[in-house]
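Student: protein_37.tsv (TSV, C-alpha atoms and all ligand atoms) pasted underneath:
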chain	number	residue	atom	x	y	z
A	1	MET	CA	9.38	2.24	28.81
A	2	ALA	CA	10.16	0.92	25.34
A	3	LYS	CA	8.23	2.94	22.77
A	4	LYS	CA	6.19	1.18	20.11
A	5	ILE	CA	5.00	2.09	16.66
A	6	LEU	CA	1.34	1.25	16.07
A	7	VAL	CA	0.72	-0.22	12.63
A	8	THR	CA	-2.96	-0.30	11.67
A	9	GLY	CA	-3.63	-2.88	8.98
A	10	GLY	CA	-0.36	-4.49	10.00
A	11	THR	CA	-1.33	-7.99	8.89
A	12	GLY	CA	-2.15	-6.72	5.40
A	13	TYR	CA	0.12	-6.69	2.38
A	14	ILE	CA	2.04	-3.44	2.81
A	15	GLY	CA	1.46	-3.30	6.58
A	16	SER	CA	3.16	-6.63	7.21
A	17	HIS	CA	6.20	-5.74	5.10
A	18	THR	CA	6.44	-2.42	6.92
A	19	ALA	CA	6.22	-4.18	10.30
A	20	VAL	CA	9.21	-6.29	9.24
A	21	GLU	CA	11.26	-3.28	8.12
A	22	LEU	CA	10.41	-1.40	11.33
A	23	ILE	CA	11.55	-4.34	13.44
A	24	ASN	CA	14.70	-4.71	11.32
A	25	ALA	CA	15.41	-1.03	11.97
A	26	GLY	CA	15.20	-1.63	15.72
A	27	HIS	CA	11.65	-0.48	16.43
A	28	ASP	CA	9.04	-2.20	18.53
A	29	VAL	CA	5.74	-2.78	16.75
A	30	VAL	CA	2.12	-3.20	17.83
A	31	ILE	CA	-0.41	-4.22	15.21
A	32	ILE	CA	-4.13	-3.51	15.05
A	33	ASP	CA	-6.09	-5.23	12.30
A	34	ASN	CA	-9.70	-6.43	11.99
A	35	LEU	CA	-8.52	-9.35	9.77
A	36	TYR	CA	-11.16	-8.41	7.18
A	37	ASN	CA	-8.71	-8.96	4.35
A	38	SER	CA	-5.81	-10.70	6.05
A	39	ASP	CA	-4.96	-13.58	8.31
A	40	ARG	CA	-3.48	-14.01	11.76
A	41	SER	CA	-0.87	-16.39	10.29
A	42	VAL	CA	0.88	-13.33	8.84
A	43	LEU	CA	2.19	-12.75	12.38
A	44	GLU	CA	4.11	-16.01	12.07
A	45	GLY	CA	5.62	-14.84	8.80
A	46	ILE	CA	6.79	-11.65	10.49
A	47	GLN	CA	8.18	-13.68	13.38
A	48	ASN	CA	9.96	-16.11	11.05
A	49	ILE	CA	11.72	-13.25	9.31
A	50	THR	CA	12.56	-11.05	12.30
A	51	GLY	CA	12.59	-13.43	15.26
A	52	TYR	CA	10.04	-11.16	16.93
A	53	ARG	CA	6.27	-11.54	17.17
A	54	PRO	CA	4.59	-8.16	17.34
A	55	GLU	CA	1.87	-7.51	19.88
A	56	PHE	CA	-1.44	-7.95	18.05
A	57	HIS	CA	-4.99	-6.70	18.69
A	58	GLN	CA	-7.94	-7.68	16.52
A	59	ILE	CA	-9.80	-4.39	16.52
A	60	ASP	CA	-11.89	-2.68	13.87
A	61	LEU	CA	-10.95	1.01	13.85
A	62	CYS	CA	-14.60	1.86	13.20
A	63	GLU	CA	-15.41	0.56	16.68
A	64	ARG	CA	-14.62	3.75	18.50
A	65	ASP	CA	-15.08	2.40	22.03
A	66	ARG	CA	-12.68	-0.48	21.48
A	67	LEU	CA	-10.12	1.80	19.91
A	68	GLU	CA	-10.37	4.27	22.80
A	69	ALA	CA	-10.03	1.37	25.23
A	70	PHE	CA	-6.88	0.25	23.42
A	71	PHE	CA	-5.29	3.69	23.69
A	72	ALA	CA	-6.45	4.39	27.24
A	73	GLY	CA	-3.63	4.27	29.68
A	74	ARG	CA	-1.04	3.39	27.05
A	75	LYS	CA	1.89	5.69	27.14
A	76	ASP	CA	4.09	3.50	24.96
A	77	ILE	CA	2.75	4.41	21.51
A	78	ALA	CA	5.28	6.75	19.93
A	79	ALA	CA	3.73	7.01	16.46
A	80	VAL	CA	1.13	5.51	14.14
A	81	ILE	CA	1.40	4.19	10.60
A	82	HIS	CA	-2.12	3.94	9.24
A	83	PHE	CA	-2.77	1.35	6.51
A	84	ALA	CA	-6.10	-0.18	7.53
A	85	ALA	CA	-8.59	0.53	4.73
A	86	TYR	CA	-10.63	-1.01	1.95
A	87	LYS	CA	-8.76	-0.79	-1.34
A	88	ALA	CA	-10.66	-2.28	-4.25
A	89	VAL	CA	-11.37	0.43	-6.81
A	90	GLY	CA	-14.18	-1.47	-8.59
A	91	GLU	CA	-15.92	-2.50	-5.39
A	92	SER	CA	-15.82	1.10	-4.19
A	93	ALA	CA	-17.76	2.18	-7.27
A	94	GLU	CA	-20.43	-0.43	-6.50
A	95	LYS	CA	-20.59	0.22	-2.76
A	96	PRO	CA	-19.47	3.81	-2.20
A	97	LEU	CA	-21.01	4.20	1.25
A	98	MET	CA	-19.29	1.08	2.50
A	99	TYR	CA	-16.00	2.69	1.46
A	100	TYR	CA	-16.80	6.09	2.95
A	101	ARG	CA	-17.95	4.56	6.24
A	102	ASN	CA	-14.95	2.30	6.61
A	103	ASN	CA	-12.15	4.46	5.26
A	104	ILE	CA	-13.32	7.77	6.73
A	105	VAL	CA	-14.75	6.75	10.11
A	106	SER	CA	-11.68	4.65	10.90
A	107	THR	CA	-9.29	7.57	10.36
A	108	LEU	CA	-11.56	9.93	12.25
A	109	ASN	CA	-11.63	7.59	15.25
A	110	LEU	CA	-7.91	7.05	15.03
A	111	LEU	CA	-7.01	10.76	14.92
A	112	GLU	CA	-9.32	11.53	17.85
A	113	ALA	CA	-7.91	8.66	19.89
A	114	MET	CA	-4.34	9.76	19.08
A	115	ILE	CA	-4.95	13.38	20.05
A	116	GLY	CA	-6.80	12.32	23.20
A	117	ASN	CA	-3.81	10.25	24.25
A	118	GLY	CA	-1.00	12.57	23.23
A	119	VAL	CA	0.27	10.41	20.36
A	120	LYS	CA	1.65	12.83	17.82
A	121	PRO	CA	3.01	11.49	14.55
A	122	ILE	CA	1.01	9.73	11.84
A	123	VAL	CA	2.18	8.32	8.53
A	124	PHE	CA	-0.71	7.75	6.15
A	125	SER	CA	-0.94	5.21	3.36
A	126	SER	CA	-2.07	7.20	0.33
A	127	SER	CA	-2.02	6.66	-3.39
A	128	CYS	CA	-1.00	8.27	-6.66
A	129	THR	CA	-4.64	7.86	-7.59
A	130	VAL	CA	-5.11	11.33	-6.03
A	131	TYR	CA	-3.46	12.78	-9.18
A	132	GLY	CA	-5.89	11.06	-11.59
A	133	GLN	CA	-4.41	11.27	-15.09
A	134	PRO	CA	-1.68	13.88	-14.47
A	135	ASP	CA	-1.18	16.64	-17.06
A	136	ALA	CA	2.60	16.14	-17.02
A	137	LEU	CA	4.79	13.08	-16.44
A	138	PRO	CA	6.65	12.10	-14.38
A	139	VAL	CA	4.24	13.42	-11.77
A	140	ASP	CA	5.70	15.41	-8.88
A	141	GLU	CA	4.12	16.63	-5.67
A	142	ASN	CA	3.21	20.01	-7.19
A	143	ALA	CA	0.74	18.35	-9.55
A	144	PRO	CA	-2.85	19.17	-8.66
A	145	VAL	CA	-5.10	16.68	-6.94
A	146	LYS	CA	-7.71	15.81	-9.54
A	147	GLU	CA	-11.39	14.96	-9.43
A	148	PRO	CA	-11.37	11.41	-7.99
A	149	SER	CA	-11.93	8.55	-10.41
A	150	SER	CA	-13.48	6.29	-7.73
A	151	PRO	CA	-14.92	6.49	-4.21
A	152	TYR	CA	-11.79	4.62	-3.09
A	153	GLY	CA	-9.58	7.37	-4.54
A	154	ASN	CA	-11.83	9.97	-2.98
A	155	THR	CA	-11.39	8.40	0.47
A	156	LYS	CA	-7.60	8.73	0.04
A	157	GLN	CA	-8.02	12.43	-0.78
A	158	ILE	CA	-10.39	12.99	2.15
A	159	ASN	CA	-8.08	11.15	4.55
A	160	GLU	CA	-5.14	13.27	3.49
A	161	GLN	CA	-7.20	16.43	3.98
A	162	MET	CA	-8.44	15.29	7.39
A	163	ILE	CA	-4.87	14.80	8.55
A	164	ARG	CA	-3.64	18.02	6.99
A	165	TYR	CA	-6.39	20.23	8.44
A	166	THR	CA	-6.05	18.57	11.83
A	167	VAL	CA	-2.34	19.36	11.80
A	168	GLU	CA	-2.91	22.89	10.54
A	169	ALA	CA	-5.51	23.59	13.21
A	170	GLY	CA	-2.65	23.45	15.68
A	171	ASN	CA	-3.23	20.01	17.07
A	172	PRO	CA	-0.09	18.46	18.44
A	173	LEU	CA	0.25	16.18	15.47
A	174	GLY	CA	2.71	15.68	12.65
A	175	GLY	CA	1.60	13.95	9.48
A	176	ILE	CA	3.15	12.49	6.37
A	177	SER	CA	1.14	10.97	3.53
A	178	LEU	CA	3.00	8.61	1.26
A	179	ARG	CA	1.45	8.47	-2.19
A	180	TYR	CA	2.30	5.04	-3.51
A	181	PHE	CA	2.43	4.17	-7.15
A	182	ASN	CA	1.90	0.42	-7.83
A	183	PRO	CA	3.27	-1.75	-5.01
A	184	ILE	CA	4.20	-5.27	-6.12
A	185	GLY	CA	6.41	-8.18	-5.08
A	186	ALA	CA	6.99	-9.85	-1.75
A	187	HIS	CA	9.57	-10.27	0.95
A	188	PRO	CA	12.56	-12.19	-0.51
A	189	SER	CA	12.11	-14.89	2.18
A	190	ALA	CA	8.63	-15.68	0.69
A	191	GLN	CA	7.31	-15.68	4.27
A	192	ILE	CA	4.92	-12.79	3.62
A	193	GLY	CA	3.40	-11.37	0.46
A	194	GLU	CA	0.19	-10.31	-1.24
A	195	ALA	CA	-2.69	-12.69	-0.56
A	196	PRO	CA	-5.87	-11.25	-2.07
A	197	GLN	CA	-9.12	-13.04	-1.31
A	198	GLY	CA	-11.01	-14.35	-4.34
A	199	ILE	CA	-10.30	-13.09	-7.83
A	200	PRO	CA	-7.46	-10.56	-7.76
A	201	ASN	CA	-8.13	-7.04	-8.99
A	202	ASN	CA	-4.51	-6.09	-9.40
A	203	LEU	CA	-2.13	-7.09	-12.14
A	204	LEU	CA	0.62	-8.90	-10.27
A	205	PRO	CA	-1.42	-11.38	-8.23
A	206	TYR	CA	-3.40	-12.11	-11.40
A	207	ILE	CA	-0.17	-12.86	-13.23
A	208	THR	CA	1.23	-15.13	-10.51
A	209	GLN	CA	-2.08	-16.98	-10.12
A	210	THR	CA	-2.27	-17.47	-13.90
A	211	ALA	CA	1.30	-18.79	-13.96
A	212	LEU	CA	0.33	-21.30	-11.28
A	213	GLY	CA	-2.84	-22.35	-13.12
A	214	ILE	CA	-5.25	-20.96	-10.51
A	215	ARG	CA	-6.57	-18.55	-13.18
A	216	GLU	CA	-6.88	-19.74	-16.72
A	217	GLN	CA	-6.02	-16.57	-18.53
A	218	LEU	CA	-4.93	-13.03	-17.74
A	219	LYS	CA	-7.04	-10.37	-19.38
A	220	VAL	CA	-5.05	-7.36	-20.50
A	221	PHE	CA	-7.40	-4.40	-20.28
A	222	GLY	CA	-6.94	-2.55	-23.53
A	223	ASN	CA	-4.11	-2.07	-26.05
A	224	ASP	CA	-5.35	1.10	-27.68
A	225	TYR	CA	-3.75	3.58	-25.27
A	226	ASN	CA	-1.23	6.15	-26.43
A	227	THR	CA	1.84	4.17	-25.27
A	228	SER	CA	4.59	2.22	-27.03
A	229	ASP	CA	2.61	-1.04	-27.21
A	230	GLY	CA	-0.84	0.38	-26.50
A	231	THR	CA	-1.14	-0.93	-22.91
A	232	PRO	CA	-1.19	1.42	-19.88
A	233	ILE	CA	1.97	2.52	-18.10
A	234	ARG	CA	2.45	2.29	-14.33
A	235	ASP	CA	5.30	2.74	-11.89
A	236	TYR	CA	5.70	-0.65	-10.19
A	237	ILE	CA	7.47	-0.35	-6.86
A	238	ASN	CA	8.87	-3.19	-4.78
A	239	VAL	CA	6.94	-3.59	-1.53
A	240	VAL	CA	10.11	-3.84	0.57
A	241	ASP	CA	11.48	-0.61	-0.93
A	242	LEU	CA	8.09	0.96	-0.26
A	243	SER	CA	8.08	-0.30	3.33
A	244	ARG	CA	11.45	1.31	3.97
A	245	ALA	CA	9.96	4.65	2.97
A	246	HIS	CA	7.58	4.26	5.93
A	247	VAL	CA	10.46	3.64	8.30
A	248	VAL	CA	12.21	6.78	7.10
A	249	ALA	CA	8.99	8.83	7.26
A	250	VAL	CA	8.03	7.75	10.76
A	251	GLU	CA	11.57	8.37	12.03
A	252	ARG	CA	11.49	11.82	10.47
A	253	LEU	CA	8.31	12.57	12.40
A	254	MET	CA	9.56	11.10	15.66
A	255	ASN	CA	12.77	13.11	15.36
A	256	GLY	CA	10.75	16.28	14.77
A	257	HIS	CA	12.41	16.84	11.39
A	258	ASN	CA	9.33	17.45	9.33
A	259	ARG	CA	9.33	21.17	8.86
A	260	GLN	CA	5.91	21.64	7.36
A	261	GLY	CA	3.80	19.87	9.98
A	262	TYR	CA	2.03	18.04	7.20
A	263	GLU	CA	3.91	16.68	4.21
A	264	PHE	CA	3.31	14.32	1.33
A	265	PHE	CA	5.69	12.38	-0.88
A	266	ASN	CA	5.49	10.35	-4.06
A	267	ILE	CA	6.81	6.86	-3.50
A	268	GLY	CA	7.66	5.11	-6.74
A	269	THR	CA	10.67	4.12	-8.82
A	270	GLY	CA	10.47	6.94	-11.35
A	271	ARG	CA	10.21	4.38	-14.16
A	272	GLY	CA	7.11	3.42	-16.09
A	273	HIS	CA	6.33	0.04	-17.63
A	274	THR	CA	3.49	-1.08	-19.84
A	275	VAL	CA	1.39	-4.12	-18.92
A	276	LEU	CA	2.97	-6.13	-21.75
A	277	GLU	CA	6.45	-5.17	-20.54
A	278	VAL	CA	5.58	-6.47	-17.08
A	279	ILE	CA	4.31	-9.76	-18.52
A	280	GLU	CA	7.46	-10.13	-20.60
A	281	ALA	CA	9.74	-9.29	-17.65
A	282	PHE	CA	7.86	-11.81	-15.50
A	283	GLU	CA	8.30	-14.52	-18.13
A	284	LYS	CA	12.00	-13.73	-18.38
A	285	ALA	CA	12.57	-13.58	-14.61
A	286	THR	CA	10.67	-16.77	-13.80
A	287	GLY	CA	10.73	-18.88	-16.98
A	288	GLN	CA	6.93	-19.15	-16.75
A	289	LYS	CA	4.71	-18.44	-19.76
A	290	ILE	CA	1.65	-16.31	-19.13
A	291	ASN	CA	-1.51	-17.12	-21.02
A	292	TYR	CA	-3.06	-13.75	-21.75
A	293	GLN	CA	-5.59	-12.14	-24.01
A	294	ILE	CA	-6.19	-8.51	-24.91
A	295	VAL	CA	-9.71	-7.42	-24.00
A	296	GLY	CA	-11.45	-4.04	-23.76
A	297	ARG	CA	-10.38	-1.24	-21.45
A	298	ARG	CA	-11.23	-1.38	-17.75
A	299	PRO	CA	-13.41	1.60	-16.78
A	300	GLY	CA	-11.57	4.15	-14.66
A	301	ASP	CA	-8.04	3.12	-15.73
A	302	VAL	CA	-5.69	6.00	-16.48
A	303	GLU	CA	-3.38	5.80	-19.48
A	304	LYS	CA	-0.03	6.43	-17.84
A	305	VAL	CA	1.34	7.44	-14.50
A	306	TYR	CA	4.83	7.29	-13.04
A	307	ALA	CA	6.53	9.20	-10.31
A	308	ASP	CA	9.00	11.99	-10.08
A	309	THR	CA	10.74	10.83	-6.92
A	310	THR	CA	13.18	13.74	-6.59
A	311	TYR	CA	11.44	15.18	-3.54
A	312	ALA	CA	11.38	11.86	-1.65
A	313	ASN	CA	15.00	11.22	-2.67
A	314	GLN	CA	16.18	14.60	-1.42
A	315	GLU	CA	13.98	15.27	1.60
A	316	LEU	CA	13.59	11.74	2.94
A	317	GLY	CA	16.90	10.41	1.66
A	318	TRP	CA	14.91	7.46	0.37
A	319	LYS	CA	15.20	5.69	-2.97
A	320	ALA	CA	13.85	2.49	-4.52
A	321	HIS	CA	16.66	0.00	-5.17
A	322	LYS	CA	15.22	-3.27	-6.40
A	323	THR	CA	14.95	-4.17	-10.05
A	324	LEU	CA	11.68	-5.08	-11.72
A	325	GLU	CA	13.00	-8.59	-12.42
A	326	GLU	CA	13.93	-9.38	-8.83
A	327	THR	CA	10.63	-7.94	-7.68
A	328	LEU	CA	8.65	-10.11	-10.10
A	329	LEU	CA	10.66	-13.15	-9.05
A	330	SER	CA	9.88	-12.42	-5.38
A	331	ALA	CA	6.15	-12.27	-6.22
A	332	TRP	CA	6.40	-15.63	-7.98
A	333	ASN	CA	8.35	-17.27	-5.15
A	334	TRP	CA	5.79	-16.00	-2.65
A	335	GLU	CA	2.82	-17.26	-4.69
A	336	LYS	CA	4.33	-20.75	-4.88
A	337	ALA	CA	5.21	-20.85	-1.16
A	338	TYR	CA	1.79	-19.49	-0.16
A	339	ARG	CA	-0.15	-22.06	-2.20
A	340	LYS	CA	2.01	-24.89	-0.94
A	341	ASN	CA	1.32	-23.77	2.59
A	342	ILE	CA	-2.45	-23.57	2.02
A	343	LYS	CA	-2.44	-27.08	0.53
A	344	ALA	CA	-0.48	-28.46	3.47
A	345	GLN	CA	-3.02	-27.09	5.99
B	401	LIG	C1	-5.11	1.39	-8.87
B	401	LIG	C2	-4.74	2.74	-8.37
B	401	LIG	C3	-3.96	2.64	-7.12
B	401	LIG	C4	-4.67	1.81	-6.13
B	401	LIG	C5	-4.91	0.44	-6.69
B	401	LIG	C6	-5.68	-0.38	-5.69
B	401	LIG	C7	-4.40	4.31	-10.22
B	401	LIG	C8	-3.43	4.95	-11.15
B	401	LIG	N1	-3.92	3.44	-9.36
B	401	LIG	O1	-3.96	0.84	-9.39
B	401	LIG	O2	-3.76	3.91	-6.59
B	401	LIG	O3	-3.94	1.73	-4.94
B	401	LIG	O4	-5.66	0.57	-7.88
B	401	LIG	O5	-6.17	-1.55	-6.22
B	401	LIG	O6	-5.58	4.58	-10.26
B	401	LIG	N2	-4.45	-4.90	-15.52
B	401	LIG	C9	-4.75	-5.82	-16.52
B	401	LIG	N3	-5.36	-6.99	-16.17
B	401	LIG	C10	-5.68	-7.28	-14.88
B	401	LIG	C11	-5.37	-6.34	-13.87
B	401	LIG	C12	-4.76	-5.16	-14.24
B	401	LIG	O7	-4.49	-5.58	-17.71
B	401	LIG	O8	-6.24	-8.36	-14.63
B	401	LIG	C13	-3.77	-3.65	-15.89
B	401	LIG	C14	-4.58	-2.41	-15.60
B	401	LIG	O9	-5.37	-2.05	-16.67
B	401	LIG	C15	-3.47	-1.39	-15.32
B	401	LIG	C16	-2.32	-2.23	-14.74
B	401	LIG	O10	-2.61	-3.57	-15.11
B	401	LIG	O11	-3.02	-0.84	-16.53
B	401	LIG	C17	-2.24	-2.14	-13.24
B	401	LIG	O12	-3.51	-2.41	-12.69
B	401	LIG	P1	-3.72	-2.65	-11.13
B	401	LIG	O13	-2.72	-3.58	-10.61
B	401	LIG	O14	-5.17	-2.97	-10.90
B	401	LIG	O15	-3.39	-1.23	-10.48
B	401	LIG	P2	-3.93	0.23	-10.84
B	401	LIG	O16	-5.28	0.17	-11.43
B	401	LIG	O17	-2.88	0.93	-11.58
Take the structure in the file and write it out as structure tokens.
Ligand code: UD1

Tutor:
Amino acid sequence: MAKKILVTGGTGYIGSHTAVELINAGHDVVIIDNLYNSDRSVLEGIQNITGYRPEFHQIDLCERDRLEAFFAGRKDIAAVIHFAAYKAVGESAEKPLMYYRNNIVSTLNLLEAMIGNGVKPIVFSSSCTVYGQPDALPVDENAPVKEPSSPYGNTKQINEQMIRYTVEAGNPLGGISLRYFNPIGAHPSAQIGEAPQGIPNNLLPYITQTALGIREQLKVFGNDYNTSDGTPIRDYINVVDLSRAHVVAVERLMNGHNRQGYEFFNIGTGRGHTVLEVIEAFEKATGQKINYQIVGRRPGDVEKVYADTTYANQELGWKAHKTLEETLLSAWNWEKAYRKNIKAQ
């Protein structure tokens, strides 16, 4: 029987790009998503790129009975890559319990269903937010996990711990958490990309929507940080590069090569850019001018964070390849294609 990799949240931004890279690497994919923050049409995008339409189930992982029913009798799930989660930092501060219920209960149900059905490996979608403002930069995996700066960040920490302790308790499970820095960009085909609902929280979709005139003006949150131009520094990683890290991680688990049982890796480029540098690079890459204004700091933002990727480079044999310019151009091409598509519908 052909084995499949289950991708939870597979119609979402990073999930859909990972589904594509898995298929391109020769894997069979099954997607579970509740479509809370994504659309079924993403499946067409995946199909247009790969020539293959993944099996899809609209299931909310918090619905334990439906999840158990999905797993029951299935012997074809070889591994799980778990993306499905709420991810808006600000919203999590306003509605913490909504975040704890969704992001914790879903993983709990998933782990129990996996163990009950003999599915062993799990790759978890984590975040560099677990480091808070690191004491030293670039931040490597030995840096301590800090007091969370939001309930969202706390759910990432708790999820990692749930997986780790489950593995360490001797359950037949292998786990890898990938701690992403700032994923941006889109598939170069512009068939899939980031499609936030409503007003974007993150920098890149705000930039592309401003360039297209959907938003009037980008607000740059603070220029009084201790950086070259006063705006915060982040490590912006291309979503396709990031997706390939998942392919490598899940293959490592399926091949039984993860020595520690539970592992975690920083997934970034190793380079930091300020907000103004990103705006400037976007303008250069696309020829579009961004109307922006400096405003006050956004609560909870850290000053600077970028990855030491040595461990991922050496252990996973993975590295980010794409330049910031090509990544920004891919985000712009996606935004234009996406809006054209919406208009045509
Ligand atoms: C944060 C988390 C990340 C999480 C993500 C989810 C950290 C270090 N990172 O990313 O783990 O997955 O949220 O949403 O906590 N900015 C503006 N104007 C805007 C939007 C953003 O100036 O309209 C600036 C921010 O101040 C920040 C940078 O752009 O300096 C990136 O912001 P954003 O894209 O929201 O990501 P993070 O907050 O870094």

Student: What gap, in Å, lies between CA of Ala79 (chain A) and CA of Val119 (chain A)?

Tutor: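 Computed distance, CA of Ala79 (chain A) to CA of Val119 (chain A), equals 6.2 Å.
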
Student: Tell me which residues come within 10 Å of (4.7, -1.8, -19.3), as a list in words, counting all atoms listed in the file in the file's coordinates.

Tutor: Thr227, Ser228, Asp229, Gly230, Thr231, Pro232, Ile233, Arg234, Asp235, Tyr236, Arg271, Gly272, His273, Thr274, Val275, Leu276, Glu277, Val278, Ile279, Glu280, Ala281 and Lys304 of chain A

Student: Go through A:Leu204, A:Met254, A:Val7, A:Val29 and flag the residue nearest ligand LIG 401 (chain B), using all atoms listed in the file for the distances.

Tutor: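 Distance minimum relative to ligand LIG 401 (chain B) lands on A:Leu204.
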
Student: Would you please work out which residue, of A:Asn266, A:Thr286, A:Gln293, A:Ser330, is nearest to Gln314 (chain A) when using all atoms listed in the file?

Tutor: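 Smallest distance to Gln314 (chain A) is found for A:Asn266.
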
Student: Go through A:Asn258, A:Gln345, A:Thr310, A:Asn201 and flag the residue nearest ligand LIG 401 (chain B), using all atoms listed in the file for the distances.

Tutor: A:Asn201

Student: Tell me, as a list in words, which residues lie within 12 Å of Pro200 (chain A), counting only C-alpha atoms; anything in the same chain fewer than 5 positions away does not count.

Tutor: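 Listing them by chain and then by number gives Lys87, Ala88, Val89, Gly90, Glu91, Glu194, Ala195, Pro205, Tyr206, Ile207, Thr208, Gln209, Thr210, Ile214, Arg215, Leu218 and Lys219 of chain A.
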
Student: From the list A:Ala2, A:Cys128, A:Leu110, A:Leu324, which residue is nearest Phe265 (chain A) when using only C-alpha atoms?

Tutor: A:Cys128

Student: At a cut-off of 9 Å, can you tabulate as a Markdown table every residue of region 298-325 of chain A near region 176-182 of chain A together with its closest atom pair and the distance in Å to one decimal, using only C-alpha atoms and ordering rows by chain then number?

Tutor:
| residue | atom | partner | partner_atom | distance |
| --- | --- | --- | --- | --- |
| A:Val305 | CA | A:Phe181 | CA | 8.1 |
| A:Tyr306 | CA | A:Phe181 | CA | 7.1 |
| A:Ala307 | CA | A:Phe181 | CA | 7.2 |

Student: List every protein, DNA or RNA residue that has at least one atom no more than 10 Å from (2.0, 8.6, 5.2) in the file's coordinates, counting only C-alpha atoms, and write the result as a list in words.

Tutor: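 In the file's frame, the residues around the point are Val80, Ile81, His82, Phe83, Pro121, Ile122, Val123, Phe124, Ser125, Ser126, Ser127, Glu160, Ile163, Gly175, Ile176, Ser177, Leu178, Arg179, Tyr180, Ala245, His246, Ala249, Val250, Tyr262, Glu263, Phe264 and Phe265 of chain A.
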
Student: Counting all atoms listed in the file, what is within 10 Å of Arg297 (chain A), bar same-chain residues fewer than 5 positions away, as a count of residues only?

Tutor: 10

Student: Report, in Å with one decimal, the straight-line distance from CA of Gly51 (chain A) to CA of Leu329 (chain A).

Tutor: 24.4 Å

Student: Go through A:Asn142, A:Thr11, A:Gln260, A:Asn109 one by one, measure the shortest atom-to-atom distance of each to Glu55 (chain A) using only C-alpha atoms, and give the residue with the smallest value.

Tutor: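 Checking each of A:Asn142, A:Thr11, A:Gln260, A:Asn109 against Glu55 (chain A), counting only C-alpha atoms, the winner is A:Thr11.
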
Student: Given only C-alpha atoms as the basis, pick out the residue of A:Gln47, A:Asn171, A:Ser106, A:Asn238 nearest to Ile192 (chain A).

Tutor: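 Closest residue, counting only C-alpha atoms: A:Gln47.
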